[in-house]
Structure formats: structure tokens, C-alpha cells
Amino acid sequence: DCFKLHRVYDFYNRIVTNPKEEEGCHSCPEFKELWTLQTCHGSFLCVDKCNHNMLTTADYPIFWTVDGELLTLKCTRDTPMRRNYYHKFWLNQNLDYNRKMREKYLQFDNTLPLMNILEALDVAKSRSWLRFHRGDNTKDLSLRSFLFHCAETARLLGQPDWVQLIALLHDLGRLVPIMARTTGIDSQEFDWTLSSTATVVGCANPLSAKFPAYQILNSDRNNEQYNTDLGIYEEHCGLKNVLLSWSGSEYLYFMLKHNSVGIPEEGLAMLRFLPLKDWYKSSGIEHYQQLTDETDDDLKLFVSDFQRLITHGKKTFLKDLCDYDCNRLWEQFYHPICKKYQCDSKLQW
């Protein structure tokens, strides 16, 4: 046989090769199951999207979804690890949890260490830029290198200096678990900083939200008030007045506001609303329009443009930067910008 077809279950981050192992394994019925196509040499069949969708092989598992009705296979970037994470996301991210996290992390009572941006970037060297490892060598690339790459992408495209700064900072919220461990704060099993998607908490979420079938796990579904278009909010209250699901971006936005940095409000909004993709990326459907105001309408274009910039950065990020290159970029370009926007001193995290 040229290929072996293996089924992979959502909550088992491994390939099931023995039919007897399927007992007790479960996948969410709302999602197409994940499979791998393994060659007789042990490699895995995949599609190279950078080379005209040519079929090729990889040394690590690449997943496919099966359409039972059409009898077709489709290569996907989805993984069991990612599905398992968003299962926990919907289970945890209710209104009560959100308020508790804000109470815990937005006091800025020096529980987390004081740290300037350069020190935070040094910490980011120890964290992978990928939220969910695919198994290839890109897992060795650091978050620090990715952030400098995004900033350089903005600079070389001629973006304003404050856009370059937001590109450099935008994923630093992912450092909070590392900082918390160094100060003895109990770490939680659910890493809220990993989510790249946000929702508005306290009202009904669109069906286009990531992994919508898992929404049924959220306890807020049992409260009728939280399941209307307005929920707990006033009509056209403005997105600045809503609670977004607790994430690294949400934390970083309020941390920078607390430290009274001089970054333009458009830049801070780009940072906060980048994960709220159902708002600015909806195709023909205006999600959350009952909550937005005129200011949000103006900001939407900024956020959408910034998302395209970061996506371009992800597609072109190929190598790690050494300490020398990072320090050179910092001194030559980004330290002066930090000073200009009053965020070069020690910050309260």
C-alpha cells in the first residue's frame, strides 16, 4: 500500500493506528474528523500552498478532513491540540471568569515584575512564536524574532512609527504566564494568552465565531440575558465599553493604558481589537453592529489594515534573529520610537 489513512481524535494529540484504540476516543460531532495520510516511508502527505498546491510530504503529521458525503479529502492547518484548546476556551470564557481575571490582573499592584519593553522582548526570546506547534522546525523560532519581524515589515512598508511600535508589542501579552511563574503565582491549566480570537462576553456570539459547536459548553448559554444581541449592554454603547474575552491582547491594552503611554488611541485600538475578527472580517454580515458607535466605524479600517500587516508578517517569517540583530534593530529604530511615545521606562505589568 502507498498510504495508510489514520484517524486522529480531538482530545488525543496522537495518531490512532489500531482500531481497538478507538474505544473511549471522542471527536466533536459538529466538526469533520481529522485524518493523516502516511506513506510507507513514514512521512505524511500534504499540500504545499506556496507551490501551486502541489502534493508533497512532510516529516511531521499534516491533517486532512474527510467529507463523507462527497467522498473527498481536504488538507487543513487544524490540529487536535488547537481543537482541544478552543474546547477549553469556550468552557472557561464566561462572564464570571472574565470579571475574575480583570480583578486579578488589572490591579497592577506589582504582583508581576516591573519591566521595560526591551526586557519583555528578552523574555519573549524564550517563547515560541507559534501558539500551537505543528511539528516542523518553525517551533524553534522565537516570539521575540517574530515581533521584530512584524515591526520591520511595518517599517519597510512605510507605516507610521506608532504602527511599527504596535507591531513590535502586539503579542507581548503572551508573556504573562512566564512572569507569573517567576513570582510564584499559581499557574492555571488554561493559558488564556494563547487565543488569537476574541468574542464579546455578556451577549450572544455570532455563529461564525471560532469552533461554534463548542459554544454550548459555555455556562453563559444558560442565562437568557447573555444570549441576546445586546446582552448586558446598552445599544450602540461603543466597543470601548464592552468586555472582550480575556486574552493577551486585552491584558496588554489595559496595561499600556494604565502606564499612560503616548501611543495614539488608534494604535491601542488596533492592539485590542485585532483578535475580534468577527467584527472587522465578517463577509457581508455586520456582527456586533448593535454595540458599535461612530468611533468604531472609523477604527474598523485601522484594525483591518493592521490584521493584514500581521498576516503578511506571518507568511514571510522564516528565520530567528540573533541577539546582535535584535539589539541593532532596537537601538537604531525602536528604542527612539518607544521614547517618543513614553513607553521606554519600567512598566507596571
# chains A, B, ... in the order shown; residues from 1 in each chain; ligands from 1
call {"tool": "residues_around", "arguments": {"residues": "region 312-329 of chain A", "least_positions_apart": "5", "cutoff": "6 Å", "atoms": "only C-alpha atoms", "output": "list in words"}}
result
Leu141, Ser145 and Cys150 of chain A
call {"tool": "residues_around", "arguments": {"residues": "Gln164 (chain A)", "least_positions_apart": "5", "cutoff": "7 Å", "atoms": "only C-alpha atoms", "output": "PyMOL selection string"}}
result
chain A and resi 151+154-155+159
call {"tool": "closest_residue", "arguments": {"among": "A:Val303, A:Leu73, A:Val8, A:Leu172", "to": "Tyr253 (chain A)", "atoms": "only C-alpha atoms"}}
result
A:Leu172
call {"tool": "closest_residue", "arguments": {"among": "A:Leu309, A:Leu5, A:Ala269, A:Leu169", "to": "Phe63 (chain A)", "atoms": "only C-alpha atoms"}}
result
A:Leu5
call {"tool": "residues_around", "arguments": {"residues": "Tyr105 (chain A)", "least_positions_apart": "5", "cutoff": "9 Å", "atoms": "only C-alpha atoms", "output": "NGL selection string"}}
result
:A and (100 or 111-112 or 251 or 349)
call {"tool": "atom_distance", "arguments": {"atom1": "CA of Pro80 (chain A)", "atom2": "CA of Tyr9 (chain A)"}}
result
6.5 Å
call {"tool": "closest_residue", "arguments": {"among": "A:Pro61, A:Val47, A:Leu276, A:Val123", "to": "Lys74 (chain A)", "atoms": "only C-alpha atoms"}}
result
A:Val47
call {"tool": "residues_around", "arguments": {"residues": "Trp246 (chain A)", "least_positions_apart": "6", "cutoff": "12 Å", "atoms": "only C-alpha atoms", "output": "PyMOL selection string"}}
result
chain A and resi 89-90+92-106+173-174+190-201+252-254+272+275-276
call {"tool": "residues_around", "arguments": {"residues": "His287 (chain A)", "least_positions_apart": "5", "cutoff": "10 Å", "atoms": "only C-alpha atoms", "output": "list of chain:residue names"}}
result
A:Asn205, A:Pro206, A:Leu207, A:Ser208, A:Asp229, A:Lys277, A:Asp278, A:Trp279, A:Tyr280, A:Lys281, A:Ser282, A:Thr292
call {"tool": "closest_residue", "arguments": {"among": "A:Phe3, A:Phe273, A:Tyr341, A:Phe302", "to": "Ser245 (chain A)", "atoms": "only C-alpha atoms"}}
result
A:Phe273
call {"tool": "residues_around", "arguments": {"residues": "Leu217 (chain A)", "least_positions_apart": "2", "cutoff": "6 Å", "atoms": "only C-alpha atoms", "output": "MDAnalysis selection string"}}
result
chainID A and resid 91 214:215
call {"tool": "atom_distance", "arguments": {"atom1": "CA of Leu130 (chain A)", "atom2": "CA of Thr76 (chain A)"}}
result
16.5 Å
call {"tool": "closest_residue", "arguments": {"among": "A:Leu239, A:Ala167, A:Leu256, A:Met115", "to": "Arg308 (chain A)", "atoms": "only C-alpha atoms"}}
result
A:Ala167
call {"tool": "select_by_dssp", "arguments": {"residues": "region 50-97 of chain A", "states": "strand (DSSP E)", "output": "mmCIF file with N, CA, C and O atoms, in the first residue's frame"}}
result
data_model
loop_
_atom_site.group_PDB
_atom_site.id
_atom_site.type_symbol
_atom_site.label_atom_id
_atom_site.label_comp_id
_atom_site.auth_asym_id
_atom_site.auth_seq_id
_atom_site.Cartn_x
_atom_site.Cartn_y
_atom_site.Cartn_z
ATOM 1 N N MET A 54 0.823 22.002 -4.811
ATOM 2 C CA MET A 54 1.393 20.717 -5.217
ATOM 3 C C MET A 54 1.387 19.754 -4.038
ATOM 4 O O MET A 54 1.566 20.147 -2.882
ATOM 5 N N LEU A 55 1.159 18.477 -4.332
ATOM 6 C CA LEU A 55 1.256 17.453 -3.297
ATOM 7 C C LEU A 55 2.723 17.201 -2.957
ATOM 8 O O LEU A 55 3.569 17.095 -3.852
ATOM 9 N N THR A 56 3.014 17.099 -1.670
ATOM 10 C CA THR A 56 4.359 16.809 -1.214
ATOM 11 C C THR A 56 4.257 16.019 0.087
ATOM 12 O O THR A 56 3.154 15.606 0.472
ATOM 13 N N THR A 57 5.371 15.790 0.745
ATOM 14 C CA THR A 57 5.348 15.067 2.016
ATOM 15 C C THR A 57 6.101 15.854 3.080
ATOM 16 O O THR A 57 6.948 16.700 2.776
ATOM 17 N N ALA A 58 5.789 15.579 4.343
ATOM 18 C CA ALA A 58 6.456 16.216 5.480
ATOM 19 C C ALA A 58 6.833 15.142 6.484
ATOM 20 O O ALA A 58 6.248 14.054 6.511
ATOM 21 N N PHE A 63 -2.660 17.239 8.687
ATOM 22 C CA PHE A 63 -4.004 16.696 8.865
ATOM 23 C C PHE A 63 -4.915 17.012 7.682
ATOM 24 O O PHE A 63 -4.763 18.016 6.990
ATOM 25 N N TRP A 64 -5.864 16.103 7.493
ATOM 26 C CA TRP A 64 -6.858 16.221 6.429
ATOM 27 C C TRP A 64 -8.239 16.041 7.051
ATOM 28 O O TRP A 64 -8.402 15.319 8.037
ATOM 29 N N THR A 65 -9.228 16.712 6.477
ATOM 30 C CA THR A 65 -10.610 16.474 6.878
ATOM 31 C C THR A 65 -11.303 15.663 5.784
ATOM 32 O O THR A 65 -10.946 15.755 4.603
ATOM 33 N N VAL A 66 -12.278 14.875 6.207
ATOM 34 C CA VAL A 66 -12.987 13.982 5.290
ATOM 35 C C VAL A 66 -14.419 14.446 5.139
ATOM 36 O O VAL A 66 -15.109 14.714 6.129
ATOM 37 N N ASP A 67 -14.865 14.573 3.915
ATOM 38 C CA ASP A 67 -16.271 14.843 3.625
ATOM 39 C C ASP A 67 -16.907 13.526 3.195
ATOM 40 O O ASP A 67 -16.677 13.038 2.087
ATOM 41 N N THR A 72 -14.472 13.115 -0.271
ATOM 42 C CA THR A 72 -13.281 13.902 -0.596
ATOM 43 C C THR A 72 -12.451 14.154 0.662
ATOM 44 O O THR A 72 -12.963 14.131 1.784
ATOM 45 N N LEU A 73 -11.155 14.399 0.437
ATOM 46 C CA LEU A 73 -10.220 14.778 1.493
ATOM 47 C C LEU A 73 -9.746 16.198 1.237
ATOM 48 O O LEU A 73 -9.499 16.583 0.089
ATOM 49 N N LYS A 74 -9.602 16.981 2.317
ATOM 50 C CA LYS A 74 -9.109 18.349 2.184
ATOM 51 C C LYS A 74 -8.011 18.593 3.214
ATOM 52 O O LYS A 74 -8.196 18.360 4.403
ATOM 53 N N CYS A 75 -6.855 19.056 2.750
ATOM 54 C CA CYS A 75 -5.742 19.348 3.655
ATOM 55 C C CYS A 75 -6.094 20.560 4.512
ATOM 56 O O CYS A 75 -6.645 21.548 4.017
ATOM 57 N N THR A 76 -5.790 20.506 5.818
ATOM 58 C CA THR A 76 -6.155 21.571 6.743
ATOM 59 C C THR A 76 -4.994 21.889 7.680
ATOM 60 O O THR A 76 -4.145 21.027 7.946
#
